[in-house]
Structures are given as C-alpha cells and as structure tokens.
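Just below is one structure, and these are the notes that go with it.
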Amino acid sequence: MDIKELETLYEEALHPIFGDHFHIIHDNDNFVTILLDGEREDFLFTLYGTNHVRLYWCNECFIFDEQRNKLVSSDTYGEIVFEGKIDVQKLPKIIIELVLQLKDCTYVSKKEIAKGKIPSGYDDIRDYVIQAQTNDPLKSTYQLENISIAYSLYP
C-alpha cells in the first residue's frame with residue numbers, strides 16, 4: 001500500500017465521521033498530515049511514509065513506528081509509544097480504531113510504567129495508562145497492546 005492509497009483509506013473511514021473538520025495536507029510525497037478537528041489542530045495524525053504514524057490528541061503524541069527499536073529516549077520522551085509489532089497492512093485499522101476511541105474525549109492524565117529496555121538499551125519500553133473523560137456512558141477501558149485508556153464521565 002502506498003501513501004496515496006493510505007490517504008484514500010483514511011478519508012473513506014474518517015471523513016464521514018469528522019465531516020468538514022477532516023482535511024488532508026500534503027507536505028510532500030511521503031509526508032501527509034490529516035486534520036480531524038479542522039483549524040483547531042488538537043486532533044490530527046501525520047503519516048511519515050507507510051510505516052510510521054504520529055497521532056496527536058489533546059497535546060499528547062502517540063508514536064507508531066515500524067523502526068521502534070531504532071528510536072532513542074530523546075525521540076520518545078513524554079510521548080506514548082506503541083510497543084506492538086507494526087504490520088503496515090494493519091496499521092491503518094489500528095489508527096482508525098484509536099481515533100474513534102479518542103473522538104469526543106478529553107485528556108485527564110497519563111501514567112507511564114517502565115518495564116524494560118529496547119535491544120539497544122537507549123530507550124525504555126513502557127506501559128501507558130491514559131485517563132480520558134467522555135459523555136459516552138457505554139465506553140469501557142480500551143486496551144491497545146501496551147496502551148490502556150480508562151474513561152470517566154464528565155462531571
């Protein structure tokens with residue numbers, strides 16, 4: 001799958017949900033930003049080719065990178081790093097699913113638990129527990145490999 005096919009896939013899946021707030025910005029042939037909240041730019045993701053995605057939501061950054069073991073602590077400091085195996089064919093489904101989980105939610109807090117080192121030793125492998133608020137009483141805890149999202153209702 002190339003970057004153009006990815007754009008089409010994301011547009012078909014997310015444009016109906018986000019409507020006029022959905023925009024695609026072509027930075028170059030291998031670098032595309034997809035805005036989900038229009039000009040607010042608080043909810044978006046960037047494709048760095050077909051095997052690396054960074055999803056931004058409420059000033060938090062989720063990193064999905066096939067080359068995860070080449071990242072060092074300065075690349076990942078303060079970010080939420082997906083530790084599962086990246087399959088470029090399955091990555092779009094993971095991103096779409098996470099976007100739908102985070103839609104209409106706000107960030108409350110994040111807890112990081114270091115549980116080891118990557119093979120080079122230059123970064124920690126972590127579990128993340130994210131607290132989010134929602135109006136949806138049916139949302140329950142969402143687990144994506146080492147990332148857990150726990151929901152509470154808005155007061």
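Each chain in the structure tokens gets a letter, A, B, ..., in the order shown, and its residues are numbered from 1; ligands are numbered from 1 in order too.
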
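Excluding A:Gly19 itself and any same-chain residue fewer than 4 positions from it, the protein and nucleic acid residues within 12 Å of it, counting only C-alpha atoms, are Glu11, Glu12, Ala13, Leu14, His15, His23, Leu35, Leu36, Asp37 and Gly38 of chain A.
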
When you look at A:Gly121 with a cut-off of 12 Å (counting only C-alpha atoms), what residues show up, excluding the ones that are within fewer than 2 positions of it in the same chain? I need them as a list of chain:residue names. A:Asn69, A:Lys70, A:Leu71, A:Val72, A:Ser73, A:Gly116, A:Lys117, A:Ile118, A:Pro119, A:Asp123, A:Asp124, A:Ile125

Restricted to N, CA, C and O atoms, what would the selected residues look like written as a compact mmCIF listing (two decimals), in the first residue's frame?
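Once written, part.txt looks like this:
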```txt
# COMPACT_ATOMS: atom_id res chain seq x y z
N ASN A 69 12.64 0.07 17.46
CA ASN A 69 13.88 -0.25 18.18
C ASN A 69 15.05 0.64 17.79
O ASN A 69 16.11 0.57 18.42
N LYS A 70 14.88 1.51 16.81
CA LYS A 70 15.93 2.46 16.44
C LYS A 70 15.71 3.82 17.11
O LYS A 70 16.58 4.68 17.05
N LEU A 71 14.55 4.01 17.75
CA LEU A 71 14.28 5.26 18.44
C LEU A 71 15.04 5.28 19.77
O LEU A 71 15.24 4.24 20.39
N VAL A 72 15.43 6.46 20.20
CA VAL A 72 16.12 6.62 21.48
C VAL A 72 15.26 7.49 22.39
O VAL A 72 14.26 8.06 21.96
N SER A 73 15.67 7.59 23.63
CA SER A 73 14.84 8.29 24.62
C SER A 73 14.55 9.74 24.23
O SER A 73 13.48 10.25 24.54
N GLY A 116 11.20 -2.25 30.92
CA GLY A 116 12.37 -2.84 30.29
C GLY A 116 13.02 -1.85 29.34
O GLY A 116 12.66 -0.68 29.30
N LYS A 117 13.98 -2.37 28.60
CA LYS A 117 14.73 -1.55 27.62
C LYS A 117 14.57 -2.15 26.24
O LYS A 117 14.39 -3.36 26.10
N ILE A 118 14.66 -1.29 25.21
CA ILE A 118 14.71 -1.80 23.85
C ILE A 118 16.06 -2.48 23.66
O ILE A 118 16.96 -2.29 24.49
N PRO A 119 16.25 -3.28 22.61
CA PRO A 119 17.51 -4.02 22.45
C PRO A 119 18.78 -3.17 22.52
O PRO A 119 19.78 -3.61 23.07
N ASP A 123 16.45 3.28 25.13
CA ASP A 123 15.11 3.75 25.45
C ASP A 123 14.39 2.71 26.29
O ASP A 123 14.72 1.52 26.24
N ASP A 124 13.42 3.18 27.06
CA ASP A 124 12.62 2.28 27.89
C ASP A 124 11.40 1.79 27.13
O ASP A 124 10.81 2.53 26.34
N ILE A 125 11.02 0.57 27.41
CA ILE A 125 9.73 0.05 26.97
C ILE A 125 8.77 0.36 28.11
O ILE A 125 9.08 0.12 29.28
```

Using only C-alpha atoms, which protein or nucleic acid residues come within 10 Å of A:Tyr10? Drop anything in the same chain fewer than 6 positions from it, and give the result as a ChimeraX atom specification. /A:4,24,34,92-93,95-96

Near A:Ile149, within 9 Å and counting only C-alpha atoms, which residues show up once chain neighbours fewer than 4 positions away are dropped, as an MDAnalysis selection string? chainID A and resid 101:102 128:132 140:144

By how many Å are atom CA of A:Phe62 and atom CA of A:Phe82 apart? 7.1 Å

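Going from atom CA of A:Leu47 to atom CA of A:Lys139 covers 27.6 Å.
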
In Å, rounded to a single decimal, give me how far atom CA of A:Gly84 is from atom CA of A:Ser120. 17.1 Å

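Among A:Glu60, A:Asp20, A:Asp29, A:Glu112, the residue with the shortest atom-to-atom distance to A:Asp2, counting only C-alpha atoms, is A:Asp29.
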
Quick one: DSSP alpha helix (DSSP H) residues in stretch 70-155 of chain A, as a ChimeraX atom specification? /A:73-76,91-102

Restricting the output to all heavy atoms, write the selected residues as a CSV table (one decimal), in the first residue's frame.
```csv
chain,number,residue,atom,x,y,z
A,73,SER,N,15.7,7.6,23.6
A,73,SER,CA,14.8,8.3,24.6
A,73,SER,C,14.6,9.7,24.2
A,73,SER,O,13.5,10.2,24.5
A,73,SER,CB,15.5,8.2,26.0
A,73,SER,OG,16.8,8.8,26.0
A,74,SER,N,15.5,10.4,23.5
A,74,SER,CA,15.2,11.8,23.1
A,74,SER,C,14.1,11.8,22.1
A,74,SER,O,13.4,12.9,21.9
A,74,SER,CB,16.5,12.5,22.7
A,74,SER,OG,17.0,11.8,21.5
A,75,ASP,N,13.9,10.8,21.3
A,75,ASP,CA,12.8,10.7,20.3
A,75,ASP,C,11.5,10.5,21.0
A,75,ASP,O,10.4,10.9,20.4
A,75,ASP,CB,13.0,9.5,19.3
A,75,ASP,CG,14.3,9.6,18.5
A,75,ASP,OD1,14.7,10.8,18.1
A,75,ASP,OD2,14.9,8.6,18.2
A,76,THR,N,11.5,9.8,22.1
A,76,THR,CA,10.2,9.3,22.7
A,76,THR,C,9.8,10.0,24.0
A,76,THR,O,8.8,9.7,24.5
A,76,THR,CB,10.2,7.8,22.9
A,76,THR,OG1,11.3,7.5,23.9
A,76,THR,CG2,10.5,7.1,21.6
A,91,LEU,N,-1.7,-1.4,10.2
A,91,LEU,CA,-1.6,-0.1,10.9
A,91,LEU,C,-2.7,0.8,10.7
A,91,LEU,O,-3.2,1.4,11.7
A,91,LEU,CB,-0.2,0.5,10.5
A,91,LEU,CG,0.1,1.8,11.3
A,91,LEU,CD1,0.1,1.6,12.8
A,91,LEU,CD2,1.5,2.3,10.8
A,92,PRO,N,-3.3,1.0,9.5
A,92,PRO,CA,-4.4,1.9,9.3
A,92,PRO,C,-5.6,1.6,10.2
A,92,PRO,O,-6.2,2.4,10.8
A,92,PRO,CB,-4.7,1.8,7.8
A,92,PRO,CG,-3.5,1.4,7.2
A,92,PRO,CD,-2.8,0.5,8.2
A,93,LYS,N,-5.9,0.3,10.3
A,93,LYS,CA,-7.0,-0.2,11.1
A,93,LYS,C,-6.8,0.2,12.6
A,93,LYS,O,-7.7,0.7,13.3
A,93,LYS,CB,-7.2,-1.7,11.0
A,93,LYS,CG,-8.4,-2.2,11.7
A,93,LYS,CD,-8.5,-3.7,11.5
A,93,LYS,CE,-9.7,-4.3,12.2
A,93,LYS,NZ,-9.6,-4.4,13.6
A,94,ILE,N,-5.6,0.1,13.0
A,94,ILE,CA,-5.2,0.4,14.4
A,94,ILE,C,-5.4,1.9,14.6
A,94,ILE,O,-6.0,2.3,15.7
A,94,ILE,CB,-3.8,0.0,14.7
A,94,ILE,CG1,-3.7,-1.5,14.8
A,94,ILE,CG2,-3.3,0.6,16.1
A,94,ILE,CD1,-2.2,-2.1,14.8
A,95,ILE,N,-4.9,2.7,13.7
A,95,ILE,CA,-5.0,4.2,13.8
A,95,ILE,C,-6.5,4.6,13.8
A,95,ILE,O,-6.9,5.4,14.7
A,95,ILE,CB,-4.2,4.9,12.7
A,95,ILE,CG1,-2.7,4.6,12.8
A,95,ILE,CG2,-4.5,6.4,12.7
A,95,ILE,CD1,-2.1,4.9,14.1
A,96,ILE,N,-7.3,4.1,12.9
A,96,ILE,CA,-8.7,4.4,12.8
A,96,ILE,C,-9.4,4.0,14.1
A,96,ILE,O,-10.2,4.8,14.7
A,96,ILE,CB,-9.3,3.8,11.6
A,96,ILE,CG1,-8.8,4.4,10.3
A,96,ILE,CG2,-10.9,3.9,11.6
A,96,ILE,CD1,-9.1,3.6,9.0
A,97,GLU,N,-9.1,2.9,14.6
A,97,GLU,CA,-9.8,2.4,15.9
A,97,GLU,C,-9.4,3.3,17.0
A,97,GLU,O,-10.3,3.7,17.8
A,97,GLU,CB,-9.3,1.0,16.1
A,97,GLU,CG,-10.0,0.3,17.3
A,97,GLU,CD,-9.6,-1.1,17.4
A,97,GLU,OE1,-9.8,-1.9,16.5
A,97,GLU,OE2,-9.0,-1.4,18.5
A,98,LEU,N,-8.1,3.7,17.1
A,98,LEU,CA,-7.7,4.6,18.2
A,98,LEU,C,-8.4,6.0,18.1
A,98,LEU,O,-8.8,6.6,19.0
A,98,LEU,CB,-6.2,4.7,18.3
A,98,LEU,CG,-5.6,5.6,19.4
A,98,LEU,CD1,-6.1,5.1,20.7
A,98,LEU,CD2,-4.1,5.6,19.3
A,99,VAL,N,-8.4,6.5,16.8
A,99,VAL,CA,-9.0,7.8,16.6
A,99,VAL,C,-10.5,7.7,17.1
A,99,VAL,O,-11.0,8.7,17.7
A,99,VAL,CB,-9.0,8.2,15.1
A,99,VAL,CG1,-10.0,9.3,14.7
A,99,VAL,CG2,-7.6,8.6,14.7
A,100,LEU,N,-11.2,6.7,16.7
A,100,LEU,CA,-12.6,6.6,17.1
A,100,LEU,C,-12.7,6.4,18.7
A,100,LEU,O,-13.7,6.9,19.2
A,100,LEU,CB,-13.3,5.4,16.4
A,100,LEU,CG,-13.3,5.5,14.9
A,100,LEU,CD1,-14.0,4.3,14.3
A,100,LEU,CD2,-14.1,6.8,14.5
A,101,GLN,N,-11.8,5.8,19.3
A,101,GLN,CA,-11.8,5.7,20.8
A,101,GLN,C,-11.6,7.1,21.4
A,101,GLN,O,-12.2,7.4,22.4
A,101,GLN,CB,-10.7,4.8,21.3
A,101,GLN,CG,-11.0,3.3,21.1
A,101,GLN,CD,-12.2,2.8,21.9
A,101,GLN,OE1,-12.3,3.2,23.1
A,101,GLN,NE2,-13.0,2.0,21.3
A,102,LEU,N,-10.7,7.9,20.8
A,102,LEU,CA,-10.4,9.2,21.4
A,102,LEU,C,-11.4,10.4,21.0
A,102,LEU,O,-11.4,11.4,21.7
A,102,LEU,CB,-9.0,9.6,21.0
A,102,LEU,CG,-7.9,8.7,21.5
A,102,LEU,CD1,-6.5,9.1,20.8
A,102,LEU,CD2,-7.8,8.7,23.0
```

Contacts of A:Arg54 at 8 Å or less, counting only C-alpha atoms, minus same-chain residues fewer than 6 places along, as a compact mmCIF listing (two decimals) with N, CA, C and O atoms, in the first residue's frame?
```txt
# COMPACT_ATOMS: atom_id res chain seq x y z
N PHE A 45 -3.22 13.43 12.76
CA PHE A 45 -2.12 12.48 12.68
C PHE A 45 -1.32 12.74 11.42
O PHE A 45 -1.81 13.28 10.44
N THR A 46 -0.05 12.37 11.51
CA THR A 46 0.88 12.57 10.41
C THR A 46 1.43 11.23 9.97
O THR A 46 1.84 10.42 10.81
N LEU A 47 1.42 11.02 8.67
CA LEU A 47 1.99 9.81 8.08
C LEU A 47 3.39 10.15 7.61
O LEU A 47 3.59 11.08 6.84
N CYS A 61 1.11 12.82 22.18
CA CYS A 61 1.55 12.25 20.91
C CYS A 61 1.71 10.74 21.06
O CYS A 61 2.43 10.27 21.94
N PHE A 62 1.02 10.01 20.19
CA PHE A 62 1.14 8.56 20.12
C PHE A 62 2.05 8.23 18.94
O PHE A 62 1.79 8.68 17.82
N ILE A 63 3.10 7.45 19.17
CA ILE A 63 4.05 7.09 18.12
C ILE A 63 3.85 5.63 17.73
O ILE A 63 3.89 4.74 18.58
N PHE A 64 3.66 5.41 16.43
CA PHE A 64 3.56 4.07 15.84
C PHE A 64 4.66 4.02 14.79
O PHE A 64 4.55 4.69 13.76
```

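Here the DSSP assignment of strand (DSSP E), based on backbone atoms, applies within stretch 71-120 of chain A to Ile80, Val81, Cys105, Thr106, Tyr107, Val108, Ser109, Lys110, Lys111, Glu112, Ile113, Ala114, Lys115, Gly116 and Lys117 of chain A.
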
Could you pull the residues within 10 Å of A:Asp87, counting only C-alpha atoms, minus those fewer than 6 positions along the same chain, as a list in words? Thr50, Asn51, Asp65, Glu66 and Ile94 of chain A

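Residue nearest A:Ser109 within the list A:Pro137, A:Tyr77, A:Arg68, A:Tyr151: A:Tyr151 [criterion: smallest interatomic distance, only C-alpha atoms].
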
Between A:Asp104, A:Glu7, A:Glu79, A:Asp42, single out the one closest to A:Arg126, counting only C-alpha atoms. A:Glu79
